[in-house]
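A.B. asks: Structure below; questions to follow.
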Amino acid sequence: MAICWARFYFSTVTLSASANSSLPSTQHFYPLSDTRPITVLEARAFITSSTLATFTIGLFALALVFCYESRAQTGSVSGFVADVETGEPLELVNIVLRSGSGTLRAAVTSRDGLYVISALPPSRYFLKASHIGFAVYAATVEVGPGENISLNISLEPGDASLDEVLIESERIGGAANVTAGQQTVRPADIELVPAPDLSADLVGLLTSLPGVVALGDRGGQLFVRGGEPTQNLVQVDGMMVYQPFHIVGFYSAFPSDLLSRTDIYAGGFGSRFGERISSVIDVTTRSGNNRRFSASATLSPFISGIRIEGPIARNRWSFLASGRESLVDGVASRVIGRDLLFSFGDVFAKVGGSVGASGKLSATILRTHDRGTIAEDRSGAAPEEVRWTNFAAGMRLVAVPSITPVMIDIRISYSELPTELGPVDNPTRSSRIRNLHIGADATFFGESTDVDAGASVRLISLESDLGGLFQNISTDSDTLEHVAVYVEPEFRIGRRLRLRTGFRAQFFDIRFAPFLEPRVRLTWAGGTHRLSAAAGIYHQAIIGLSDRRDAASVFTAWTTSPRQESDVEDVRAGRVPKAFHALLGYSASPVAGMEISVEGYYKRLTNLFISEWTAFPQFTTRLQPATGRSVGADLRAEFRTKGFYGYVTYGLSSTRYEAEQASLIVWYGTETLRFRPPHDRRHQVNALGSTSLGALKVSARWEFGSGLPFSQAIGFDGFAVVDDIVSADLLPASRRVIYERPFRGVLPAYHRLDLSVHRTFETRRADFTVQASLINLYDRRNIFYLDVFTLRRVDQLPIIPSVGVKIDIK
């Protein structure tokens with residue numbers, strides 16, 4: 001089996017490399033919005049790219065047939081494992097098969113509760129399924145030559161010790177359990193983080209991770225290991241979400257009671273993911289209860305919410321629905337004694353169930369809305385309002401065909417994000433991005449080698465109206481076709497070493513040659529010690545532009561590439577944003593109940609396009625080319641005892657950009673400028689502890705961040721056109737800021753202590769939970785931003801006392 005997949009993998013790589021090397025290097029990428037006639041060479045480019053993609057997929061199919069023939073004398077056992085009480089899939093269930101002749105094979109269930117054990121010699125096997133908190137399930141199965149047996153399992157709650165055969169996995173959670181940049185987060189982890197209400201939210205945990213920087217408590221912007229927010233891939237159940245974080249920094253579109261798990265890749269992510277160059281946040285929602293109905297409701301000064309779930313067809317199909325709406329403007333403002341002009345909310349619905357004995361089908365819809373004012377206008381007029389709305393809808397099918405032990409994962413989704421700035425009836429700037437996505441992944445299971453492979457197509461539409469600030473063009477529209485294929489085998493070498501060598505090819509529009517992205521991930525586990533490493537190349541064709549001179553600017557314009565005529569050749573030459581990642585990590589459990597980890601990383605960013613440097617203190621998306629690099633290390637220590645859980649993390653990082661702009665020589669005497677971007681936080685510390693005091697559950701979190709860079713103003717002037725003799729004070733003029741070199745100043749350090757206490761009262765029909773919390777317990781005046789034009793300081797939120805209630809109807 002390993003030899004078979006090795007042949008397929010290396011032949012695919014050879015094909016792509018040879019096709020790429022034979023093509024002219026000067027013809028690469030053509031925007032579809034270009035109205036000039038398509039040349040013969042361009043037509044050839046389209047045909048060649050399409051042929052290459054089709055041939056790769058065809059070769060993949062031939063390899064499947066070849067490997068299937070070589071396995072005709074063996075069989076397989078597969079199925080789904082679920083909780084008998086709720087019908088929800090159970091992940092990380094240990095499945096062990098033993099034969100009378102001594103054959104021993106094992107697997108763990110995936111996030112969908114799926115397991116596959118293939119390449120089984122014909123025999124009678126004793127199967128055992130075990131999972132912490134559930135009784136052991138045992139059965140006998142008879143496997144014949146070429147027979148693929150489907151066996152679905154329902155586990156009952158109870159005490160069970162795991163079988164002695166365990167399958168190593170990157171997906172086990174824990175604050176210090178990080179493998180080559182990947183960390184898995186469970187709902188229970190999220191609920192430990194103190195928040196102003198009982199609607200525990202994923203973003204609270206994300207901001208406690210080293211390497212993740214939030215510029216303030218509003219705006220919904222997260223920077224991961226030096227990358228920009230628009231360089232993060234965020235998806236839920238396979239649907240892309242462009243702006244999932246709400247305008248108030250305590251909330252996102254992902255409350256914990258909807259989630260099954262979240263995989264966070266701070267870098268070095270595998271070939272299954274593409275289209276972004278910084279990080280991946282892969283959210284998986286849970287299924288609804290297909291046995292009985294249940295509901296919950298929460299209420300606090302910040303937000304109210306309701307959730308309901310239950311069976312559609314008992315034991316087969318279920319639904320899960322949730323809605324939340326903010327109360328910040330009307331209630332929290334009075335509690336704090338300060339105007340909070342924010343409004344946000346989200347609606348989520350999911351329907352899912354079984355398709356035959358070996359398939360699961362689900363449909364998901366998500367909608368969010370945000371509106372608010374971040375800061376005063378430069379002239380001191382009424383604050384300018386920003387608004388955005390996410391919409392995403394999709395379907396997903398996971399199945400194991402009866403003819404072969406291959407897991408298939410097929411997805412189709414639609415996402416859009418309209419954003420506006422200014423009055424509702426006459427916005428000064430607007431942007432909209434839409435995409436339609438179709439993707440298919442497959443996992444081929446072998447005795448010592450598994451292979452992931454897949455293909456996807458994404459059609460993207462972009463529109464913007466930027467009031468003449470986008471390269472002096474007031475309106476712009478564009479489309480982009482994105483096609484990708486990948487293959488990524490995982491080799492299990494002995495019991496300790498795992499190697500994933502991935503290869504991804506991406507086609508943007510009718511680019512003549514694909515963007516080739518080799519990637520590798522390696523883990524070695526020996527006793528209580530583990531080493532991991534990852535490296536890879538990444539490309540991104542869609543650019544999100546914000547004016548990073550201004551921390552209060554959260555408006556983002558989406559585009560594909562520069563639009564000046566002089567930039568066209570650069571784009572054709574393949575100059576889309578590109579990143580190289582390299583990571584190396586070590587973790588250990590020195591004593592029982594303690595785990596430590598350290599991970600170093602390096603990111604090199606090239607072909608970036610950032611907003612140009614200008615003396616006018618207003619939003620601009622005029623572009624300048626730039627490169628960047630980010631280097632750092634994350635340290636984590638996690639502690640678990642009978643009555644206490646806690647962790648401490650420290651992040652050390654350094655991010656630098658180098659920009660090129662002709663006008664810089666006027667200001668600073670050079671056309672190249674090297675600077676710290678405004679999200680370059682050098683030091684981060686987070687400490688969290690949770691314990692029980694009788695019936696009370698207590699959680700506390702302290703966070704510290706060194707000061708962020710900002711641009712200092714050293715003077716002001718004005719520019720006016722004089723064509724007559726007139727008094728200077730009557731001339732209309734544009735005010736300008738004379739800046740020191742960009743981001744040479746440093747804001748004060750940030751730190752805050754949050755505390756929450758809650759207690760649950762249980763009854764036969766419902767559970768009632770009451771929570772009291774204090775955010776920013778010692779009322780630290782943390783700066784949000786400093787307006788360099790007015791020198792006005794805007795602080796983050798002061799001490800926030802809050803009381804929340806939650807009812808869970810059983």
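Residue numbers start at 1 in each chain; chains themselves are named A, B, ... in the order of the structure tokens; ligands are numbered from 1 in the order shown.
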Skipping near chain neighbours, those fewer than 3 positions away, what residues fall within 9 Å of Gln796 in chain A using only C-alpha atoms, listed as a PyMOL selection string?
C.D. replies: chain A and resi 216-218+781-785
A.B. asks: Can you list, as JSON, numbers by chain, every protein, DNA or RNA residue that comes within 6 Å of range 261-267 of chain A when you count only C-alpha atoms, leaving out same-chain residues fewer than 3 positions away?
C.D. replies: {"A": [181, 182, 183, 184, 185, 186, 279, 280, 281, 282, 283, 284]}
A.B. asks: Go through A:Asp779, A:Glu91, A:Asp754, A:Glu599 one by one, measure the shortest atom-to-atom distance of each to Gly211 in chain A using only C-alpha atoms, and give the residue with the smallest value.
C.D. replies: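 Answer, going by the shortest atom-to-atom distance: A:Glu599.
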A.B. asks: Counting only C-alpha atoms, figure out which residue out of A:Gly494, A:Gly600, A:Pro423, A:Pro678 gets nearest to Leu584 in chain A.
C.D. replies: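 Selected residue with least distance to Leu584 in chain A: A:Gly600.
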A.B. asks: Near Val554 in chain A, counting only C-alpha atoms, which residues have an atom at most 8 Å away, once you skip same-chain residues fewer than 4 positions from it, shown as a ChimeraX atom specification?
C.D. replies: /A:219-221,386,546
A.B. asks: Keeping only C-alpha atoms, write the selected residues as an mmCIF file, in the first residue's frame.
C.D. replies:
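The file below, part_5.cif, is the result:
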data_model
loop_
_atom_site.group_PDB
_atom_site.id
_atom_site.type_symbol
_atom_site.label_atom_id
_atom_site.label_comp_id
_atom_site.auth_asym_id
_atom_site.auth_seq_id
_atom_site.Cartn_x
_atom_site.Cartn_y
_atom_site.Cartn_z
ATOM 1 C CA GLY A 219 -13.143 46.208 15.761
ATOM 2 C CA GLY A 220 -13.024 42.419 15.318
ATOM 3 C CA GLN A 221 -9.437 42.220 14.046
ATOM 4 C CA VAL A 386 -19.055 51.041 10.019
ATOM 5 C CA SER A 546 -7.054 48.554 5.517
#
A.B. asks: Excluding Ser402 in chain A and any residue of its chain fewer than 4 positions from it, enumerate the residues within 9 Å of it, using only C-alpha atoms, and give them as a tab-separated table (two decimals) with C-alpha atoms, in the first residue's frame.
C.D. replies:
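Output contents, as saved in selection-v3.tsv:
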chain	number	residue	atom	x	y	z
A	147	GLU	CA	-15.37	-7.46	1.82
A	148	ASN	CA	-16.03	-3.95	3.19
A	149	ILE	CA	-18.12	-4.23	6.35
A	150	SER	CA	-20.08	-1.26	7.67
A	358	SER	CA	-22.41	4.75	5.61
A	406	VAL	CA	-12.26	5.48	1.15
A.B. asks: Taking 3 positions as the minimum chain separation for residues in the same chain, which residues sit within 8 Å of Ser690 in chain A when counting only C-alpha atoms? Answer as a PyMOL selection string.
C.D. replies: chain A and resi 192+644-646+697-700
A.B. asks: Please list as an MDAnalysis selection string every residue within 9 Å of Glu481 in chain A, counting only C-alpha atoms and excluding residues in the same chain fewer than 4 positions away.
C.D. replies: chainID A and resid 32 457:461 507:510
A.B. asks: Residues of range 378-588 of chain A classed as strand (DSSP E) by DSSP on the backbone are to be reported as JSON, numbers by chain.
C.D. replies: {"A": [385, 386, 387, 388, 389, 390, 391, 392, 393, 394, 395, 396, 397, 398, 399, 406, 407, 408, 409, 410, 411, 412, 413, 414, 415, 416, 417, 418, 419, 420, 421, 429, 430, 431, 432, 433, 434, 435, 436, 437, 438, 439, 440, 441, 442, 443, 444, 445, 449, 450, 451, 452, 453, 454, 455, 456, 457, 458, 459, 460, 461, 462, 463, 464, 465, 466, 467, 468, 469, 470, 473, 474, 475, 476, 477, 478, 479, 480, 481, 482, 483, 484, 485, 486, 487, 488, 489, 490, 491, 492, 493, 497, 498, 499, 500, 501, 502, 503, 504, 505, 506, 507, 508, 515, 516, 517, 518, 519, 520, 521, 522, 523, 524, 525, 526, 529, 530, 531, 532, 533, 534, 535, 536, 537, 538, 539, 543, 544, 545, 557, 558, 559, 578, 579, 580, 581, 582, 583, 584, 585, 586, 587, 588]}
A.B. asks: Leaving out range 131-135 of chain A and any residue of its chain fewer than 4 positions from it, which residues lie within 6 Å of it when counting only C-alpha atoms, given as a list in words?
C.D. replies: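 Non-adjacent residues within range: Val93, Glu156, Pro157, Gly158, Asp159 and Ala160 of chain A.
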A.B. asks: For a quick check of understanding, using only C-alpha atoms, which of A:Val178, A:Ile153, A:Ala392, A:Met407 has the smallest distance to His437 in chain A?
C.D. replies: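 Closest to His437 in chain A of all the choices is A:Ala392.
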A.B. asks: Mind giving me the straight-line distance from CA of Thr479 in chain A to CA of Ser415 in chain A in Å, one decimal?
C.D. replies: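 Calculated distance between CA of Thr479 in chain A and CA of Ser415 in chain A is 14.5 Å.
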A.B. asks: Have a look at A:Asp409, A:Glu142, A:Asp257, A:Asp425 and name the one nearest to Thr443 in chain A; count only C-alpha atoms.
C.D. replies: A:Asp409
A.B. asks: I'd like the interatomic distance between CA of Ile809 in chain A and CA of Ala82 in chain A, to a tenth of an Å.
C.D. replies: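 The value is 22.1 Å.
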A.B. asks: Can you work out the spacing between CA of Leu421 in chain A and CA of Arg387 in chain A in Å, to one decimal?
C.D. replies: 6.4 Å
